Amino acid sequence: MRRIKWQQLVVSLVIAGCLVAIGVAVSIAVTGREGQGLPIAVESIDPVRGARQVPSQTAIVVDLSTGYTGVLVIDGLELETVNVEDVQNATPGKQVTLPPTTIYEPGNATLTFDPSENAAITDFSQGVHVVTLLYWPLLEGRGSARSFAWTFEVF
């Protein structure tokens, strides 16, 4: 029988304990949709909930599930929403100019607001901003709207 080398045994137990702890941490980690606490009808948001150091010219993008639409309320101001299909140019090959409001793209079910010079919000001032999404199924109308709110911080 060989003699036990206590130093090797202790090091082996520490390494084994670390591997078990990593496995447990990975198995209980909450990321993605669950980590953001998004409703079922909301696939993703940008900037993400609780984001810090967001640039002042960042766009707000909400990806909804198919069959949903909505409006954005940013810092208490409800922004007009325009369907991108309503602003298509009749002239083939000419670039479409989008209005400075929230744009709804029904093919992707996305709402996008890009702060600009002519928009209701030209840029985001330094500090915390609150975005509230009012969303509803297309077939039910705004009367069945639900809301989801999140914050982000501009540096």
# chains A, B, ... in the order shown; residues from 1 in each chain; ligands from 1
$ residues_around --residues "stretch 110-116 of chain A" --least-positions-apart "5" --cutoff "12 Å" --atoms "only C-alpha atoms" --output "short mmCIF file (atom, residue, chain, number, x, y, z; two decimals) with N, CA and C atoms, in the first residue's frame"
data_model
loop_
_atom_site.label_atom_id
_atom_site.label_comp_id
_atom_site.auth_asym_id
_atom_site.auth_seq_id
_atom_site.Cartn_x
_atom_site.Cartn_y
_atom_site.Cartn_z
N ALA A 41 -45.14 37.97 -25.10
CA ALA A 41 -45.33 38.66 -26.38
C ALA A 41 -44.13 39.50 -26.78
N VAL A 42 -43.15 39.67 -25.91
CA VAL A 42 -41.97 40.49 -26.22
C VAL A 42 -40.77 39.56 -26.35
N GLU A 43 -40.19 39.54 -27.56
CA GLU A 43 -39.05 38.65 -27.80
C GLU A 43 -37.73 39.27 -27.34
N SER A 44 -37.55 40.57 -27.56
CA SER A 44 -36.33 41.23 -27.10
C SER A 44 -36.54 42.74 -27.04
N ILE A 45 -35.66 43.39 -26.27
CA ILE A 45 -35.67 44.85 -26.16
C ILE A 45 -34.22 45.34 -26.25
N ASP A 46 -34.07 46.54 -26.75
CA ASP A 46 -32.76 47.17 -26.80
C ASP A 46 -32.93 48.66 -26.59
N PRO A 47 -32.24 49.29 -25.67
CA PRO A 47 -31.26 48.71 -24.76
C PRO A 47 -31.94 47.79 -23.75
N PRO A 55 -25.29 55.17 -24.97
CA PRO A 55 -25.07 56.45 -25.66
C PRO A 55 -26.37 57.25 -25.79
N SER A 56 -26.26 58.57 -25.85
CA SER A 56 -27.44 59.44 -25.88
C SER A 56 -28.22 59.33 -27.19
N GLN A 57 -27.62 58.86 -28.26
CA GLN A 57 -28.31 58.73 -29.54
C GLN A 57 -28.76 57.30 -29.83
N THR A 58 -28.80 56.45 -28.82
CA THR A 58 -29.17 55.06 -29.04
C THR A 58 -30.63 54.94 -29.46
N ALA A 59 -30.92 53.94 -30.29
CA ALA A 59 -32.29 53.68 -30.73
C ALA A 59 -32.96 52.72 -29.75
N ILE A 60 -34.26 52.90 -29.57
CA ILE A 60 -35.07 51.98 -28.77
C ILE A 60 -35.69 50.99 -29.75
N VAL A 61 -35.44 49.71 -29.55
CA VAL A 61 -35.97 48.67 -30.44
C VAL A 61 -36.68 47.62 -29.61
N VAL A 62 -37.92 47.31 -30.00
CA VAL A 62 -38.69 46.26 -29.34
C VAL A 62 -39.09 45.25 -30.40
N ASP A 63 -38.75 43.99 -30.17
CA ASP A 63 -39.12 42.91 -31.07
C ASP A 63 -40.28 42.16 -30.43
N LEU A 64 -41.45 42.28 -31.04
CA LEU A 64 -42.65 41.63 -30.51
C LEU A 64 -42.86 40.28 -31.18
N SER A 65 -43.66 39.44 -30.57
CA SER A 65 -44.05 38.19 -31.20
C SER A 65 -44.94 38.50 -32.38
N THR A 66 -44.98 37.60 -33.34
CA THR A 66 -45.82 37.77 -34.53
C THR A 66 -47.27 37.96 -34.11
N GLY A 67 -47.93 38.93 -34.73
CA GLY A 67 -49.33 39.18 -34.45
C GLY A 67 -49.57 40.24 -33.39
N TYR A 68 -48.51 40.91 -32.94
CA TYR A 68 -48.63 41.96 -31.92
C TYR A 68 -48.18 43.29 -32.48
N THR A 69 -48.71 44.34 -31.93
CA THR A 69 -48.28 45.70 -32.22
C THR A 69 -48.28 46.48 -30.92
N GLY A 70 -47.88 47.74 -30.98
CA GLY A 70 -47.87 48.52 -29.76
C GLY A 70 -47.38 49.94 -29.97
N VAL A 71 -47.19 50.63 -28.87
CA VAL A 71 -46.64 51.99 -28.88
C VAL A 71 -45.61 52.10 -27.77
N LEU A 72 -44.71 53.08 -27.94
CA LEU A 72 -43.69 53.34 -26.93
C LEU A 72 -44.02 54.62 -26.18
N VAL A 73 -43.85 54.58 -24.88
CA VAL A 73 -43.98 55.77 -24.03
C VAL A 73 -42.62 55.93 -23.36
N ILE A 74 -41.91 57.01 -23.71
CA ILE A 74 -40.57 57.22 -23.19
C ILE A 74 -40.59 58.43 -22.26
N GLU A 78 -45.88 59.65 -24.91
CA GLU A 78 -46.26 58.62 -25.87
C GLU A 78 -45.89 59.10 -27.27
N LEU A 79 -45.12 58.28 -27.96
CA LEU A 79 -44.66 58.62 -29.30
C LEU A 79 -45.61 58.08 -30.36
N GLU A 80 -45.86 58.88 -31.38
CA GLU A 80 -46.68 58.44 -32.50
C GLU A 80 -46.03 57.23 -33.15
N THR A 81 -46.84 56.27 -33.57
CA THR A 81 -46.33 55.07 -34.24
C THR A 81 -46.85 55.06 -35.67
N VAL A 82 -45.93 54.84 -36.61
CA VAL A 82 -46.27 54.82 -38.03
C VAL A 82 -45.90 53.45 -38.58
N ASN A 83 -46.82 52.85 -39.34
CA ASN A 83 -46.56 51.59 -39.99
C ASN A 83 -45.66 51.84 -41.19
N VAL A 84 -44.55 51.11 -41.29
CA VAL A 84 -43.59 51.33 -42.38
C VAL A 84 -44.25 51.12 -43.75
N LEU A 98 -38.13 57.95 -43.72
CA LEU A 98 -39.01 57.60 -42.61
C LEU A 98 -39.26 58.81 -41.73
N PRO A 99 -40.47 58.95 -41.23
CA PRO A 99 -40.77 60.07 -40.33
C PRO A 99 -40.06 59.90 -39.00
N PRO A 100 -39.82 61.00 -38.27
CA PRO A 100 -39.10 60.94 -36.99
C PRO A 100 -39.99 60.50 -35.84
N THR A 101 -40.59 59.34 -35.96
CA THR A 101 -41.48 58.79 -34.94
C THR A 101 -41.12 57.33 -34.72
N THR A 102 -41.93 56.62 -33.97
CA THR A 102 -41.74 55.18 -33.81
C THR A 102 -42.21 54.50 -35.09
N ILE A 103 -41.39 53.62 -35.61
CA ILE A 103 -41.71 52.90 -36.84
C ILE A 103 -42.08 51.46 -36.47
N TYR A 104 -43.25 51.02 -36.95
CA TYR A 104 -43.69 49.64 -36.75
C TYR A 104 -43.49 48.89 -38.06
N GLU A 105 -42.73 47.80 -38.01
CA GLU A 105 -42.53 46.94 -39.18
C GLU A 105 -43.33 45.66 -38.97
N ILE A 121 -38.18 63.41 -29.26
CA ILE A 121 -37.01 63.29 -28.39
C ILE A 121 -35.79 63.34 -29.31
N THR A 122 -34.98 64.39 -29.18
CA THR A 122 -33.83 64.57 -30.06
C THR A 122 -32.64 63.72 -29.62
N ASP A 123 -32.49 63.53 -28.34
CA ASP A 123 -31.49 62.63 -27.78
C ASP A 123 -31.85 62.38 -26.32
N PHE A 124 -31.19 61.41 -25.74
CA PHE A 124 -31.47 61.09 -24.35
C PHE A 124 -30.45 61.80 -23.46
N SER A 125 -30.96 62.60 -22.53
CA SER A 125 -30.07 63.32 -21.62
C SER A 125 -29.42 62.33 -20.65
N VAL A 131 -38.81 53.48 -20.23
CA VAL A 131 -39.54 53.14 -21.45
C VAL A 131 -40.69 52.24 -21.04
N LEU A 133 -43.74 50.05 -22.75
CA LEU A 133 -44.29 49.49 -23.97
C LEU A 133 -45.74 49.11 -23.72
N LEU A 134 -46.63 49.67 -24.51
CA LEU A 134 -48.03 49.23 -24.50
C LEU A 134 -48.18 48.33 -25.72
N TYR A 135 -48.57 47.09 -25.53
CA TYR A 135 -48.64 46.15 -26.65
C TYR A 135 -49.94 45.36 -26.59
#
$ select_by_dssp --residues "stretch 41-147 of chain A" --states "strand (DSSP E)" --output "PyMOL selection string"
chain A and resi 42-46+51-54+60-64+68-74+77-78+81-83+102-105+110-113+127-137+146-147
$ write_last_selection --atoms "C-alpha atoms" --output "compact mmCIF listing (two decimals), in the first residue's frame"
# COMPACT_ATOMS: atom_id res chain seq x y z
CA VAL A 42 -41.97 40.49 -26.22
CA GLU A 43 -39.05 38.65 -27.80
CA SER A 44 -36.33 41.23 -27.10
CA ILE A 45 -35.67 44.85 -26.16
CA ASP A 46 -32.76 47.17 -26.80
CA ALA A 51 -28.48 48.90 -19.11
CA ARG A 52 -25.85 51.38 -17.99
CA GLN A 53 -23.61 53.62 -20.07
CA VAL A 54 -25.97 53.80 -23.03
CA ILE A 60 -35.07 51.98 -28.77
CA VAL A 61 -35.97 48.67 -30.44
CA VAL A 62 -38.69 46.26 -29.34
CA ASP A 63 -39.12 42.91 -31.07
CA LEU A 64 -42.65 41.63 -30.51
CA TYR A 68 -48.63 41.96 -31.92
CA THR A 69 -48.28 45.70 -32.22
CA GLY A 70 -47.87 48.52 -29.76
CA VAL A 71 -46.64 51.99 -28.88
CA LEU A 72 -43.69 53.34 -26.93
CA VAL A 73 -43.98 55.77 -24.03
CA ILE A 74 -40.57 57.22 -23.19
CA LEU A 77 -44.27 60.93 -23.58
CA GLU A 78 -46.26 58.62 -25.87
CA THR A 81 -46.33 55.07 -34.24
CA VAL A 82 -46.27 54.82 -38.03
CA ASN A 83 -46.56 51.59 -39.99
CA THR A 102 -41.74 55.18 -33.81
CA ILE A 103 -41.71 52.90 -36.84
CA TYR A 104 -43.69 49.64 -36.75
CA GLU A 105 -42.53 46.94 -39.18
CA THR A 110 -40.69 45.46 -34.42
CA LEU A 111 -41.09 48.93 -32.98
CA THR A 112 -38.10 51.24 -33.50
CA PHE A 113 -37.59 54.78 -32.26
CA GLY A 127 -29.40 59.89 -16.39
CA VAL A 128 -32.08 57.22 -16.06
CA HIS A 129 -34.86 56.93 -18.66
CA VAL A 130 -38.07 54.91 -18.42
CA VAL A 131 -39.54 53.14 -21.45
CA THR A 132 -43.06 51.77 -21.24
CA LEU A 133 -44.29 49.49 -23.97
CA LEU A 134 -48.03 49.23 -24.50
CA TYR A 135 -48.64 46.15 -26.65
CA TRP A 136 -51.64 44.18 -27.86
CA PRO A 137 -52.64 41.49 -30.37
CA ARG A 146 -50.88 45.34 -21.67
CA SER A 147 -47.79 47.19 -20.54
$ select_by_dssp --residues "chain A" --states "helix (DSSP H, G or I)" --output "mmCIF file with all heavy atoms, in the first residue's frame"
data_model
loop_
_atom_site.group_PDB
_atom_site.id
_atom_site.type_symbol
_atom_site.label_atom_id
_atom_site.label_comp_id
_atom_site.auth_asym_id
_atom_site.auth_seq_id
_atom_site.Cartn_x
_atom_site.Cartn_y
_atom_site.Cartn_z
ATOM 1 N N TRP A 6 -0.988 13.930 1.608
ATOM 2 C CA TRP A 6 -2.044 14.842 2.060
ATOM 3 C C TRP A 6 -2.141 16.100 1.204
ATOM 4 O O TRP A 6 -3.232 16.592 0.926
ATOM 5 C CB TRP A 6 -1.829 15.211 3.523
ATOM 6 C CG TRP A 6 -2.078 14.018 4.415
ATOM 7 C CD1 TRP A 6 -1.151 13.242 5.028
ATOM 8 C CD2 TRP A 6 -3.342 13.467 4.720
ATOM 9 N NE1 TRP A 6 -1.759 12.232 5.720
ATOM 10 C CE2 TRP A 6 -3.129 12.346 5.547
ATOM 11 C CE3 TRP A 6 -4.659 13.788 4.388
ATOM 12 C CZ2 TRP A 6 -4.139 11.563 6.037
ATOM 13 C CZ3 TRP A 6 -5.671 13.014 4.897
ATOM 14 C CH2 TRP A 6 -5.406 11.908 5.702
ATOM 15 N N GLN A 7 -1.051 16.635 0.768
ATOM 16 C CA GLN A 7 -1.069 17.849 -0.042
ATOM 17 C C GLN A 7 -1.799 17.597 -1.359
ATOM 18 O O GLN A 7 -2.640 18.397 -1.778
ATOM 19 C CB GLN A 7 0.353 18.344 -0.302
ATOM 20 C CG GLN A 7 0.393 19.680 -1.014
ATOM 21 C CD GLN A 7 1.832 20.176 -1.222
ATOM 22 O OE1 GLN A 7 2.782 19.464 -0.964
ATOM 23 N NE2 GLN A 7 1.943 21.401 -1.688
ATOM 24 N N GLN A 8 -1.530 16.487 -2.025
ATOM 25 C CA GLN A 8 -2.205 16.154 -3.279
ATOM 26 C C GLN A 8 -3.689 15.888 -3.047
ATOM 27 O O GLN A 8 -4.537 16.262 -3.864
ATOM 28 C CB GLN A 8 -1.552 14.933 -3.931
ATOM 29 C CG GLN A 8 -0.215 15.229 -4.566
ATOM 30 C CD GLN A 8 0.395 13.987 -5.203
ATOM 31 O OE1 GLN A 8 -0.017 12.868 -4.921
ATOM 32 N NE2 GLN A 8 1.401 14.206 -6.049
ATOM 33 N N LEU A 9 -4.014 15.250 -1.947
ATOM 34 C CA LEU A 9 -5.409 14.972 -1.629
ATOM 35 C C LEU A 9 -6.191 16.267 -1.423
ATOM 36 O O LEU A 9 -7.294 16.434 -1.955
ATOM 37 C CB LEU A 9 -5.506 14.083 -0.385
ATOM 38 C CG LEU A 9 -6.934 13.741 0.078
ATOM 39 C CD1 LEU A 9 -7.644 12.931 -0.995
ATOM 40 C CD2 LEU A 9 -6.903 13.003 1.398
ATOM 41 N N VAL A 10 -5.642 17.208 -0.683
ATOM 42 C CA VAL A 10 -6.308 18.480 -0.420
ATOM 43 C C VAL A 10 -6.488 19.268 -1.715
ATOM 44 O O VAL A 10 -7.567 19.790 -2.004
ATOM 45 C CB VAL A 10 -5.524 19.304 0.634
ATOM 46 C CG1 VAL A 10 -6.066 20.726 0.728
ATOM 47 C CG2 VAL A 10 -5.584 18.619 1.993
ATOM 48 N N VAL A 11 -5.441 19.327 -2.544
ATOM 49 C CA VAL A 11 -5.530 20.050 -3.816
ATOM 50 C C VAL A 11 -6.589 19.404 -4.714
ATOM 51 O O VAL A 11 -7.394 20.085 -5.344
ATOM 52 C CB VAL A 11 -4.148 20.109 -4.515
ATOM 53 C CG1 VAL A 11 -4.274 20.624 -5.940
ATOM 54 C CG2 VAL A 11 -3.194 20.981 -3.723
ATOM 55 N N SER A 12 -6.633 18.100 -4.778
ATOM 56 C CA SER A 12 -7.629 17.382 -5.592
ATOM 57 C C SER A 12 -9.048 17.659 -5.109
ATOM 58 O O SER A 12 -9.968 17.863 -5.907
ATOM 59 C CB SER A 12 -7.359 15.876 -5.553
ATOM 60 O OG SER A 12 -6.116 15.587 -6.136
ATOM 61 N N LEU A 13 -9.250 17.679 -3.788
ATOM 62 C CA LEU A 13 -10.579 17.975 -3.241
ATOM 63 C C LEU A 13 -11.004 19.409 -3.542
ATOM 64 O O LEU A 13 -12.173 19.670 -3.850
ATOM 65 C CB LEU A 13 -10.604 17.709 -1.738
ATOM 66 C CG LEU A 13 -10.550 16.243 -1.323
ATOM 67 C CD1 LEU A 13 -10.430 16.124 0.208
ATOM 68 C CD2 LEU A 13 -11.768 15.496 -1.832
ATOM 69 N N VAL A 14 -10.071 20.355 -3.473
ATOM 70 C CA VAL A 14 -10.386 21.748 -3.792
ATOM 71 C C VAL A 14 -10.779 21.881 -5.254
ATOM 72 O O VAL A 14 -11.765 22.531 -5.597
ATOM 73 C CB VAL A 14 -9.192 22.677 -3.446
ATOM 74 C CG1 VAL A 14 -9.386 24.065 -4.036
ATOM 75 C CG2 VAL A 14 -9.002 22.756 -1.938
ATOM 76 N N ILE A 15 -10.034 21.251 -6.140
ATOM 77 C CA ILE A 15 -10.362 21.295 -7.575
ATOM 78 C C ILE A 15 -11.714 20.647 -7.833
ATOM 79 O O ILE A 15 -12.546 21.184 -8.569
ATOM 80 C CB ILE A 15 -9.245 20.625 -8.405
ATOM 81 C CG1 ILE A 15 -7.977 21.483 -8.358
ATOM 82 C CG2 ILE A 15 -9.690 20.417 -9.849
ATOM 83 C CD1 ILE A 15 -6.756 20.835 -8.973
ATOM 84 N N ALA A 16 -11.983 19.522 -7.228
ATOM 85 C CA ALA A 16 -13.273 18.847 -7.401
ATOM 86 C C ALA A 16 -14.415 19.724 -6.889
ATOM 87 O O ALA A 16 -15.469 19.833 -7.527
ATOM 88 C CB ALA A 16 -13.270 17.506 -6.674
ATOM 89 N N GLY A 17 -14.214 20.383 -5.758
ATOM 90 C CA GLY A 17 -15.241 21.280 -5.209
ATOM 91 C C GLY A 17 -15.511 22.454 -6.139
ATOM 92 O O GLY A 17 -16.665 22.859 -6.333
ATOM 93 N N CYS A 18 -14.444 23.002 -6.719
ATOM 94 C CA CYS A 18 -14.618 24.118 -7.669
ATOM 95 C C CYS A 18 -15.390 23.678 -8.902
ATOM 96 O O CYS A 18 -16.261 24.403 -9.392
ATOM 97 C CB CYS A 18 -13.261 24.689 -8.067
ATOM 98 S SG CYS A 18 -12.452 25.607 -6.739
ATOM 99 N N LEU A 19 -15.103 22.500 -9.427
ATOM 100 C CA LEU A 19 -15.826 21.988 -10.597
ATOM 101 C C LEU A 19 -17.303 21.771 -10.284
ATOM 102 O O LEU A 19 -18.179 22.097 -11.098
ATOM 103 C CB LEU A 19 -15.181 20.700 -11.101
ATOM 104 C CG LEU A 19 -13.793 20.860 -11.741
ATOM 105 C CD1 LEU A 19 -13.187 19.510 -12.063
ATOM 106 C CD2 LEU A 19 -13.876 21.728 -12.981
ATOM 107 N N VAL A 20 -17.601 21.249 -9.121
ATOM 108 C CA VAL A 20 -18.998 21.054 -8.709
ATOM 109 C C VAL A 20 -19.694 22.412 -8.576
ATOM 110 O O VAL A 20 -20.832 22.599 -9.033
ATOM 111 C CB VAL A 20 -19.079 20.246 -7.393
ATOM 112 C CG1 VAL A 20 -20.487 20.278 -6.817
ATOM 113 C CG2 VAL A 20 -18.635 18.806 -7.630
ATOM 114 N N ALA A 21 -19.025 23.404 -7.980
ATOM 115 C CA ALA A 21 -19.612 24.737 -7.812
ATOM 116 C C ALA A 21 -19.888 25.393 -9.162
ATOM 117 O O ALA A 21 -20.934 26.025 -9.358
ATOM 118 C CB ALA A 21 -18.684 25.622 -6.981
ATOM 119 N N ILE A 22 -18.980 25.230 -10.114
ATOM 120 C CA ILE A 22 -19.200 25.783 -11.462
ATOM 121 C C ILE A 22 -20.409 25.120 -12.106
ATOM 122 O O ILE A 22 -21.249 25.783 -12.710
ATOM 123 C CB ILE A 22 -17.933 25.619 -12.329
ATOM 124 C CG1 ILE A 22 -16.832 26.558 -11.835
ATOM 125 C CG2 ILE A 22 -18.240 25.884 -13.807
ATOM 126 C CD1 ILE A 22 -15.472 26.316 -12.466
ATOM 127 N N GLY A 23 -20.506 23.804 -11.977
ATOM 128 C CA GLY A 23 -21.652 23.085 -12.548
ATOM 129 C C GLY A 23 -22.976 23.544 -11.954
ATOM 130 O O GLY A 23 -23.958 23.749 -12.668
ATOM 131 N N VAL A 24 -23.006 23.725 -10.641
ATOM 132 C CA VAL A 24 -24.226 24.193 -9.973
ATOM 133 C C VAL A 24 -24.568 25.613 -10.431
ATOM 134 O O VAL A 24 -25.723 25.925 -10.732
ATOM 135 C CB VAL A 24 -24.065 24.126 -8.433
ATOM 136 C CG1 VAL A 24 -25.205 24.851 -7.737
ATOM 137 C CG2 VAL A 24 -24.000 22.682 -7.981
ATOM 138 N N ALA A 25 -23.563 26.487 -10.516
ATOM 139 C CA ALA A 25 -23.803 27.869 -10.933
ATOM 140 C C ALA A 25 -24.359 27.940 -12.347
ATOM 141 O O ALA A 25 -25.296 28.703 -12.627
ATOM 142 C CB ALA A 25 -22.504 28.675 -10.835
ATOM 143 N N VAL A 26 -23.819 27.148 -13.256
ATOM 144 C CA VAL A 26 -24.308 27.144 -14.636
ATOM 145 C C VAL A 26 -25.740 26.617 -14.697
ATOM 146 O O VAL A 26 -26.573 27.133 -15.438
ATOM 147 C CB VAL A 26 -23.363 26.318 -15.542
ATOM 148 C CG1 VAL A 26 -23.999 26.036 -16.891
ATOM 149 C CG2 VAL A 26 -22.036 27.041 -15.712
ATOM 150 N N SER A 27 -26.044 25.616 -13.910
ATOM 151 C CA SER A 27 -27.389 25.029 -13.970
ATOM 152 C C SER A 27 -28.474 25.941 -13.382
ATOM 153 O O SER A 27 -29.632 25.851 -13.780
ATOM 154 C CB SER A 27 -27.414 23.675 -13.267
ATOM 155 O OG SER A 27 -27.273 23.838 -11.878
ATOM 156 N N ILE A 28 -28.120 26.837 -12.460
ATOM 157 C CA ILE A 28 -29.144 27.706 -11.867
ATOM 158 C C ILE A 28 -29.115 29.126 -12.420
ATOM 159 O O ILE A 28 -29.937 29.952 -12.037
ATOM 160 C CB ILE A 28 -29.033 27.745 -10.325
ATOM 161 C CG1 ILE A 28 -27.707 28.353 -9.875
ATOM 162 C CG2 ILE A 28 -29.252 26.377 -9.730
ATOM 163 C CD1 ILE A 28 -27.623 28.608 -8.387
ATOM 164 N N GLY A 32 -30.825 35.526 -20.702
ATOM 165 C CA GLY A 32 -31.723 35.688 -21.844
ATOM 166 C C GLY A 32 -33.068 36.250 -21.433
ATOM 167 O O GLY A 32 -33.174 37.153 -20.624
ATOM 168 N N ARG A 33 -34.131 35.693 -22.015
ATOM 169 C CA ARG A 33 -35.495 36.166 -21.760
ATOM 170 C C ARG A 33 -35.842 36.094 -20.278
ATOM 171 O O ARG A 33 -36.445 36.998 -19.729
ATOM 172 C CB ARG A 33 -36.510 35.342 -22.546
ATOM 173 C CG ARG A 33 -36.517 35.606 -24.019
ATOM 174 C CD ARG A 33 -37.601 34.781 -24.714
ATOM 175 N NE ARG A 33 -38.900 34.876 -24.066
ATOM 176 C CZ ARG A 33 -39.738 35.901 -24.161
ATOM 177 N NH1 ARG A 33 -39.410 36.933 -24.887
ATOM 178 N NH2 ARG A 33 -40.894 35.898 -23.541
ATOM 179 N N GLU A 34 -35.466 34.978 -19.638
ATOM 180 C CA GLU A 34 -35.801 34.827 -18.215
ATOM 181 C C GLU A 34 -35.087 35.884 -17.376
ATOM 182 O O GLU A 34 -35.653 36.429 -16.446
ATOM 183 C CB GLU A 34 -35.440 33.427 -17.717
ATOM 184 C CG GLU A 34 -36.265 32.315 -18.335
ATOM 185 C CD GLU A 34 -35.651 31.796 -19.633
ATOM 186 O OE1 GLU A 34 -34.452 32.030 -19.884
ATOM 187 O OE2 GLU A 34 -36.383 31.173 -20.416
ATOM 188 N N GLY A 35 -33.844 36.164 -17.715
ATOM 189 C CA GLY A 35 -33.069 37.148 -16.969
ATOM 190 C C GLY A 35 -33.623 38.555 -17.121
ATOM 191 O O GLY A 35 -33.529 39.370 -16.213
ATOM 192 N N GLN A 36 -34.188 38.861 -18.268
ATOM 193 C CA GLN A 36 -34.762 40.177 -18.523
ATOM 194 C C GLN A 36 -36.187 40.289 -17.999
ATOM 195 O O GLN A 36 -36.707 41.381 -17.870
ATOM 196 C CB GLN A 36 -34.765 40.470 -20.032
ATOM 197 C CG GLN A 36 -33.406 40.799 -20.578
ATOM 198 C CD GLN A 36 -32.923 42.141 -20.070
ATOM 199 O OE1 GLN A 36 -33.612 43.147 -20.149
ATOM 200 N NE2 GLN A 36 -31.731 42.152 -19.535
ATOM 201 N N VAL A 84 -44.548 51.106 -41.293
ATOM 202 C CA VAL A 84 -43.592 51.329 -42.381
ATOM 203 C C VAL A 84 -44.246 51.123 -43.752
ATOM 204 O O VAL A 84 -43.833 51.746 -44.736
ATOM 205 C CB VAL A 84 -42.332 50.440 -42.205
ATOM 206 C CG1 VAL A 84 -42.628 48.987 -42.536
ATOM 207 C CG2 VAL A 84 -41.184 50.953 -43.044
ATOM 208 N N GLU A 85 -45.264 50.291 -43.834
ATOM 209 C CA GLU A 85 -45.960 50.067 -45.104
ATOM 210 C C GLU A 85 -46.714 51.314 -45.566
ATOM 211 O O GLU A 85 -46.978 51.476 -46.745
ATOM 212 C CB GLU A 85 -46.909 48.877 -44.986
ATOM 213 C CG GLU A 85 -46.182 47.561 -44.793
ATOM 214 C CD GLU A 85 -47.113 46.399 -44.570
ATOM 215 O OE1 GLU A 85 -48.327 46.612 -44.324
ATOM 216 O OE2 GLU A 85 -46.626 45.256 -44.634
ATOM 217 N N ASP A 86 -47.050 52.206 -44.650
ATOM 218 C CA ASP A 86 -47.777 53.426 -45.001
ATOM 219 C C ASP A 86 -46.866 54.523 -45.547
ATOM 220 O O ASP A 86 -47.349 55.534 -46.034
ATOM 221 C CB ASP A 86 -48.535 53.966 -43.782
ATOM 222 C CG ASP A 86 -49.611 53.007 -43.309
ATOM 223 O OD1 ASP A 86 -50.051 52.153 -44.103
ATOM 224 O OD2 ASP A 86 -50.005 53.114 -42.133
ATOM 225 N N VAL A 87 -45.554 54.351 -45.466
ATOM 226 C CA VAL A 87 -44.629 55.389 -45.930
ATOM 227 C C VAL A 87 -43.795 54.926 -47.124
ATOM 228 O O VAL A 87 -42.789 55.522 -47.444
ATOM 229 C CB VAL A 87 -43.688 55.876 -44.795
ATOM 230 C CG1 VAL A 87 -44.458 56.589 -43.724
ATOM 231 C CG2 VAL A 87 -42.874 54.736 -44.231
ATOM 232 N N ARG A 142 -56.288 48.075 -29.356
ATOM 233 C CA ARG A 142 -55.628 48.697 -28.218
ATOM 234 C C ARG A 142 -56.407 48.537 -26.911
ATOM 235 O O ARG A 142 -55.843 48.642 -25.828
ATOM 236 C CB ARG A 142 -55.388 50.181 -28.509
ATOM 237 C CG ARG A 142 -54.540 50.835 -27.450
ATOM 238 C CD ARG A 142 -54.054 52.185 -27.842
ATOM 239 N NE ARG A 142 -53.332 52.798 -26.744
ATOM 240 C CZ ARG A 142 -52.480 53.775 -26.875
ATOM 241 N NH1 ARG A 142 -52.243 54.284 -28.060
ATOM 242 N NH2 ARG A 142 -51.863 54.271 -25.831
ATOM 243 N N GLY A 143 -57.695 48.280 -26.983
ATOM 244 C CA GLY A 143 -58.496 48.093 -25.775
ATOM 245 C C GLY A 143 -58.010 46.937 -24.911
ATOM 246 O O GLY A 143 -58.273 46.894 -23.714
ATOM 247 N N SER A 144 -57.271 46.000 -25.504
ATOM 248 C CA SER A 144 -56.753 44.853 -24.743
ATOM 249 C C SER A 144 -55.261 44.998 -24.451
ATOM 250 O O SER A 144 -54.579 44.011 -24.192
ATOM 251 C CB SER A 144 -57.007 43.564 -25.523
ATOM 252 O OG SER A 144 -56.283 43.586 -26.737
#
$ closest_residue --among "A:Pro39, A:Gly50, A:Gly93, A:Gly76" --to "A:Val154" --atoms "only C-alpha atoms"
A:Gly50
$ atom_distance --atom1 "atom CA of A:Gln126" --atom2 "atom CA of A:Phe152"
10.5 Å
$ atom_distance --atom1 "atom CA of A:Leu139" --atom2 "atom CA of A:Ala119"
29.2 Å
$ atom_distance --atom1 "atom CA of A:Val48" --atom2 "atom CA of A:Ala149"
11.1 Å
